[in-house]
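J.: My structure is stored as structure.cif, with mmCIF, C-alpha atoms.
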data_query
#
loop_
_atom_site.label_atom_id
_atom_site.label_comp_id
_atom_site.auth_asym_id
_atom_site.auth_seq_id
_atom_site.Cartn_x
_atom_site.Cartn_y
_atom_site.Cartn_z
CA MET C 1 -97.48 -29.69 -9.19
CA GLN C 2 -95.63 -29.63 -5.89
CA TYR C 3 -93.03 -27.00 -5.06
CA PRO C 4 -90.30 -27.34 -2.48
CA THR C 5 -90.77 -25.79 0.90
CA ASP C 6 -88.19 -24.42 3.26
CA PRO C 7 -87.07 -27.05 5.80
CA CYS C 8 -88.51 -25.13 8.74
CA ALA C 9 -91.87 -24.62 7.07
CA SER C 10 -95.08 -25.18 8.94
CA PRO C 11 -97.91 -26.05 6.55
CA ARG C 12 -100.75 -23.60 6.69
CA PRO C 13 -103.69 -23.17 4.35
CA ALA C 14 -103.89 -19.90 2.46
CA SER C 15 -106.68 -17.59 3.57
CA ARG C 16 -107.90 -14.08 2.95
CA ARG C 17 -106.68 -13.06 6.41
CA GLY C 18 -103.27 -14.62 5.68
CA PHE C 19 -103.12 -12.78 2.37
CA LEU C 20 -103.87 -9.45 4.08
CA LYS C 21 -101.21 -10.18 6.69
CA ARG C 22 -98.71 -10.89 3.90
CA LEU C 23 -99.54 -7.58 2.24
CA ALA C 24 -99.12 -5.69 5.50
CA ALA C 25 -95.85 -7.45 6.26
CA ALA C 26 -94.56 -6.77 2.74
CA GLY C 27 -95.26 -3.06 3.23
CA ALA C 28 -93.44 -3.10 6.55
CA LEU C 29 -90.50 -4.92 5.01
CA GLY C 30 -90.31 -2.39 2.20
CA ALA C 31 -90.41 0.47 4.68
CA MET C 32 -87.54 -1.01 6.71
CA GLY C 33 -85.41 -1.70 3.66
CA THR C 34 -84.18 -5.07 2.47
CA ARG C 35 -80.45 -4.59 1.90
CA ALA C 36 -79.63 -7.16 4.58
CA LEU C 37 -81.23 -9.91 2.48
CA ALA C 38 -78.67 -9.37 -0.27
CA ALA C 39 -75.80 -10.35 2.02
CA LEU C 40 -77.25 -13.81 2.69
CA PRO C 41 -75.69 -16.72 0.79
CA GLY C 42 -77.90 -18.95 -1.32
CA PRO C 43 -81.68 -18.70 -1.26
CA VAL C 44 -83.12 -16.00 0.93
CA SER C 45 -83.65 -17.34 4.43
CA ALA C 46 -84.07 -14.13 6.38
CA PRO C 47 -86.65 -13.92 9.14
CA ALA C 48 -88.87 -11.72 6.97
CA PRO C 49 -92.32 -13.33 6.95
CA VAL C 50 -93.04 -12.51 3.29
CA ARG C 51 -91.16 -12.47 -0.01
CA GLU C 52 -92.85 -10.59 -2.83
CA LEU C 53 -91.97 -9.97 -6.47
CA GLY C 54 -93.46 -7.94 -9.28
CA PHE C 55 -93.18 -8.59 -13.01
CA LEU C 56 -94.15 -6.83 -16.22
CA ASN C 57 -94.00 -9.14 -19.23
CA LEU C 58 -92.88 -6.81 -22.04
CA HIS C 59 -94.29 -9.12 -24.73
CA THR C 60 -97.79 -9.65 -23.35
CA GLY C 61 -98.20 -6.51 -21.22
CA GLU C 62 -99.24 -8.67 -18.26
CA LYS C 63 -98.41 -7.33 -14.82
CA LEU C 64 -98.19 -9.22 -11.57
CA ARG C 65 -97.15 -8.33 -8.02
CA VAL C 66 -97.56 -11.18 -5.60
CA PRO C 67 -96.19 -12.48 -2.32
CA TYR C 68 -94.76 -15.88 -3.31
CA TRP C 69 -93.32 -17.06 0.04
CA GLU C 70 -94.71 -16.73 3.53
CA ASN C 71 -93.42 -17.92 6.89
CA GLY C 72 -91.23 -20.71 5.60
CA ARG C 73 -93.18 -21.92 2.59
CA TYR C 74 -93.72 -21.16 -1.05
CA LEU C 75 -97.29 -20.24 -1.94
CA GLN C 76 -98.42 -22.55 -4.72
CA ASP C 77 -101.18 -20.29 -6.08
CA ALA C 78 -98.68 -17.43 -6.35
CA LEU C 79 -96.11 -19.67 -8.04
CA ALA C 80 -98.73 -20.70 -10.58
CA GLU C 81 -99.45 -17.02 -11.32
CA ILE C 82 -95.72 -16.32 -11.73
CA ASN C 83 -95.34 -19.36 -14.02
CA HIS C 84 -98.14 -18.00 -16.20
CA VAL C 85 -96.73 -14.46 -16.49
CA LEU C 86 -93.22 -15.81 -17.23
CA ARG C 87 -94.49 -18.36 -19.79
CA ASP C 88 -93.17 -18.63 -23.33
CA HIS C 89 -95.49 -16.19 -25.11
CA ARG C 90 -94.53 -17.51 -28.54
CA ALA C 91 -95.66 -21.08 -27.83
CA ASN C 92 -98.06 -20.09 -25.03
CA ALA C 93 -96.28 -22.74 -22.94
CA VAL C 94 -96.20 -22.59 -19.15
CA HIS C 95 -93.42 -24.20 -17.12
CA ALA C 96 -92.54 -24.14 -13.42
CA ILE C 97 -90.08 -21.36 -12.61
CA ASP C 98 -87.30 -22.40 -10.26
CA THR C 99 -88.05 -21.06 -6.77
CA GLY C 100 -84.30 -20.54 -6.36
CA LEU C 101 -84.49 -18.10 -9.27
CA LEU C 102 -87.31 -16.21 -7.57
CA ASP C 103 -85.28 -16.01 -4.37
CA LEU C 104 -82.29 -14.79 -6.37
CA LEU C 105 -84.45 -12.02 -7.86
CA ALA C 106 -85.61 -11.03 -4.36
CA ARG C 107 -81.97 -10.88 -3.23
CA LEU C 108 -81.10 -8.79 -6.29
CA GLN C 109 -83.82 -6.27 -5.49
CA ALA C 110 -82.53 -6.07 -1.92
CA ALA C 111 -78.98 -5.55 -3.16
CA VAL C 112 -79.95 -2.51 -5.24
CA GLY C 113 -82.65 -1.26 -2.86
CA ASN C 114 -85.34 -1.28 -5.54
CA SER C 115 -88.59 -3.22 -5.18
CA ARG C 116 -90.18 -2.12 -8.45
CA ALA C 117 -91.48 -4.75 -10.86
CA PHE C 118 -88.93 -6.48 -13.08
CA GLU C 119 -89.43 -5.90 -16.80
CA VAL C 120 -89.19 -9.36 -18.34
CA ILE C 121 -87.64 -9.86 -21.76
CA SER C 122 -87.55 -13.64 -21.51
CA GLY C 123 -88.55 -16.11 -18.81
CA TYR C 124 -89.34 -19.73 -19.66
CA ARG C 125 -88.63 -20.78 -23.26
CA ALA C 126 -90.13 -23.77 -25.00
CA PRO C 127 -87.66 -25.79 -27.12
CA SER C 128 -89.24 -24.50 -30.36
CA SER C 129 -88.79 -20.86 -29.29
CA ASN C 130 -85.23 -21.47 -28.14
CA GLU C 131 -84.32 -23.02 -31.50
CA MET C 132 -85.93 -20.15 -33.38
CA LEU C 133 -83.97 -17.62 -31.30
CA ARG C 134 -80.75 -19.61 -31.75
CA ALA C 135 -81.20 -19.42 -35.52
CA ARG C 136 -81.36 -15.61 -35.22
CA SER C 137 -78.61 -15.01 -32.67
CA SER C 138 -75.34 -16.62 -31.63
CA GLY C 139 -76.01 -15.44 -28.07
CA VAL C 140 -78.72 -18.06 -27.43
CA ALA C 141 -77.45 -21.33 -25.95
CA GLN C 142 -78.66 -24.69 -27.22
CA GLY C 143 -79.10 -26.02 -23.68
CA SER C 144 -80.31 -22.71 -22.28
CA LEU C 145 -81.48 -22.71 -18.66
CA HIS C 146 -84.54 -20.81 -19.92
CA LEU C 147 -85.73 -24.25 -21.10
CA GLN C 148 -85.84 -25.40 -17.47
CA GLY C 149 -87.38 -22.26 -15.96
CA LYS C 150 -84.03 -21.50 -14.31
CA ALA C 151 -83.15 -18.31 -16.20
CA ILE C 152 -84.66 -14.90 -16.83
CA ASP C 153 -83.69 -11.83 -18.87
CA ILE C 154 -84.68 -8.64 -17.07
CA ARG C 155 -84.26 -4.98 -16.43
CA LEU C 156 -85.33 -3.12 -13.31
CA PRO C 157 -86.75 0.39 -13.82
CA GLY C 158 -85.02 2.89 -11.59
CA SER C 159 -81.81 0.82 -11.43
CA ASP C 160 -78.86 1.50 -13.71
CA LEU C 161 -78.12 -1.56 -15.87
CA LEU C 162 -74.43 -1.69 -14.95
CA ARG C 163 -75.23 -1.38 -11.24
CA LEU C 164 -77.84 -4.13 -11.56
CA HIS C 165 -75.32 -6.36 -13.33
CA LYS C 166 -72.65 -5.68 -10.71
CA ALA C 167 -75.10 -6.49 -7.90
CA ALA C 168 -76.13 -9.74 -9.60
CA VAL C 169 -72.49 -10.76 -10.03
CA GLY C 170 -71.86 -9.98 -6.36
CA LEU C 171 -74.61 -12.37 -5.26
CA LYS C 172 -72.78 -15.34 -6.80
CA GLY C 173 -76.11 -17.11 -7.24
CA GLY C 174 -75.53 -18.48 -10.74
CA GLY C 175 -74.87 -17.15 -14.23
CA VAL C 176 -75.04 -13.43 -14.99
CA GLY C 177 -74.85 -11.91 -18.46
CA LEU C 178 -74.78 -8.27 -19.49
CA TYR C 179 -76.51 -7.31 -22.75
CA ARG C 180 -75.76 -3.62 -22.86
CA SER C 181 -76.96 -2.97 -26.40
CA SER C 182 -80.33 -4.60 -25.66
CA ASN C 183 -80.52 -3.04 -22.18
CA PHE C 184 -81.02 -6.15 -20.05
CA ILE C 185 -79.21 -8.64 -17.86
CA HIS C 186 -79.57 -12.40 -17.75
CA VAL C 187 -79.58 -14.20 -14.41
CA ASP C 188 -79.87 -17.93 -13.83
CA THR C 189 -79.43 -20.52 -11.12
CA GLY C 190 -76.85 -22.58 -12.98
CA ARG C 191 -73.18 -22.64 -12.12
CA VAL C 192 -71.56 -19.32 -11.22
CA ARG C 193 -70.22 -17.68 -14.40
CA TYR C 194 -70.24 -14.23 -15.97
CA TRP C 195 -70.28 -12.77 -19.46
#
Would you mind writing the structure in this file as structure tokens?
T.:
Amino acid sequence: MQYPTDPCASPRPASRRGFLKRLAAAGALGAMGTRALAALPGPVSAPAPVRELGFLNLHTGEKLRVPYWENGRYLQDALAEINHVLRDHRANAVHAIDTGLLDLLARLQAAVGNSRAFEVISGYRAPSSNEMLRARSSGVAQGSLHLQGKAIDIRLPGSDLLRLHKAAVGLKGGGVGLYRSSNFIHVDTGRVRYW
């Protein structure tokens, strides 16, 4: 499966040395702070050489922290790992996660100044899982963007839910929903809308 690259990307094979450089750069980026990334419109395009995300799948217990973008290109091995962790655990179905969604999550972390791993309630959903959830709840859309790998339901330890929601709304990167009673927010890369 091919993933899009940034227009100014220069193809470069992944290597152990490159991986170590990404880790070092990610540490430096975290030390400097990433609030400036949140102010950028659209996908993150800051000069930072590395974008990294962490996830904890609350259903499977799987954890992942991985640099997924380096020097103008998405790292396909990292995207495959993310796709696996964010798979539909009910159907054990893996689907490509929208790289725009990953960039939106990176911008959200920068906006709240918190680089901890996202706790994932729901990432990709297979049609069978979506229909099962729709039968149980009126809050699940028939044409959910979860079906396309363009939506995720999350919380971020160390960040107040209302503050996280407000930051996501402020990014204007797609849909944002607040589920206060279940303690999570929904973000997607569809049209800008809030609930």
J.: Can you work out which one of C:Arg87, C:Arg134, C:Lys166, C:Arg116 has the shortest atom-to-atom distance to Ile152 (chain C), counting only C-alpha atoms?
T.: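 Among the listed residues, C:Arg87 lies closest to Ile152 (chain C).
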J.: Nearest to Ala141 (chain C): which of C:Ser115, C:Arg125, C:Lys63, C:Gly173 is it, counting all atoms listed in the file?
T.: C:Arg125
J.: Nearest residue to Tyr74 (chain C) out of C:Ile185, C:Leu161, C:Asp98, C:Ala126, using only C-alpha atoms?
T.: C:Asp98
J.: If you apply the PyMOL selection byres ((chain C and resi 120-124) around 9) to this file, what residues do you get, as a ChimeraX atom specification?
T.: /C:55-59,83,85-89,93-97,118-119,125-126,145-156,184,186
J.: Report, in Å to a single decimal, how far apart CA of His165 (chain C) and CA of Arg90 (chain C) are.
T.: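 Straight-line distance from CA of Arg90 (chain C) to CA of His165 (chain C) works out to 26.9 Å.
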J.: Leaving out Ala167 (chain C) and any residue of its chain fewer than 2 positions from it, which residues lie within 7 Å of it when counting only C-alpha atoms, given as a list of chain:residue names?
T.: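 Answer for this query is C:Leu108, C:Ala111, C:Val112, C:Arg163, C:Leu164, C:His165, C:Val169, C:Gly170, C:Leu171.
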J.: Quick one: of C:Gly177, C:Pro127, C:Gly54, C:Gly143, who's nearest to Leu102 (chain C), counting all atoms listed in the file?
T.: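 Counting all atoms listed in the file, the residue closest to Leu102 (chain C) is C:Gly54.
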J.: Please provide the set of residues having any atom within 6 Å of Tyr68 (chain C), restricted to only C-alpha atoms, with same-chain residues fewer than 4 positions apart removed, written as a list of chain:residue names.
T.: C:Arg51, C:Glu52, C:Tyr74, C:Leu75, C:Ala78
J.: Go ahead and write the selection's residues with C-alpha atoms as a PDB file, in the frame of the given file.
T.:
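The new file selection33.pdb reads:
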ATOM      1  CA  ARG C  51     -91.160 -12.470  -0.010  1.00  0.00           C
ATOM      2  CA  GLU C  52     -92.850 -10.590  -2.830  1.00  0.00           C
ATOM      3  CA  TYR C  74     -93.720 -21.160  -1.050  1.00  0.00           C
ATOM      4  CA  LEU C  75     -97.290 -20.240  -1.940  1.00  0.00           C
ATOM      5  CA  ALA C  78     -98.680 -17.430  -6.350  1.00  0.00           C
TER       6      ALA C  78
END
J.: In terms of the shortest atom-to-atom distance over only C-alpha atoms, which of C:Ile82, C:Arg107, C:Gln142, C:Leu162 is closest to Arg180 (chain C)?
T.: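 Closest to Arg180 (chain C) of all the choices is C:Leu162.
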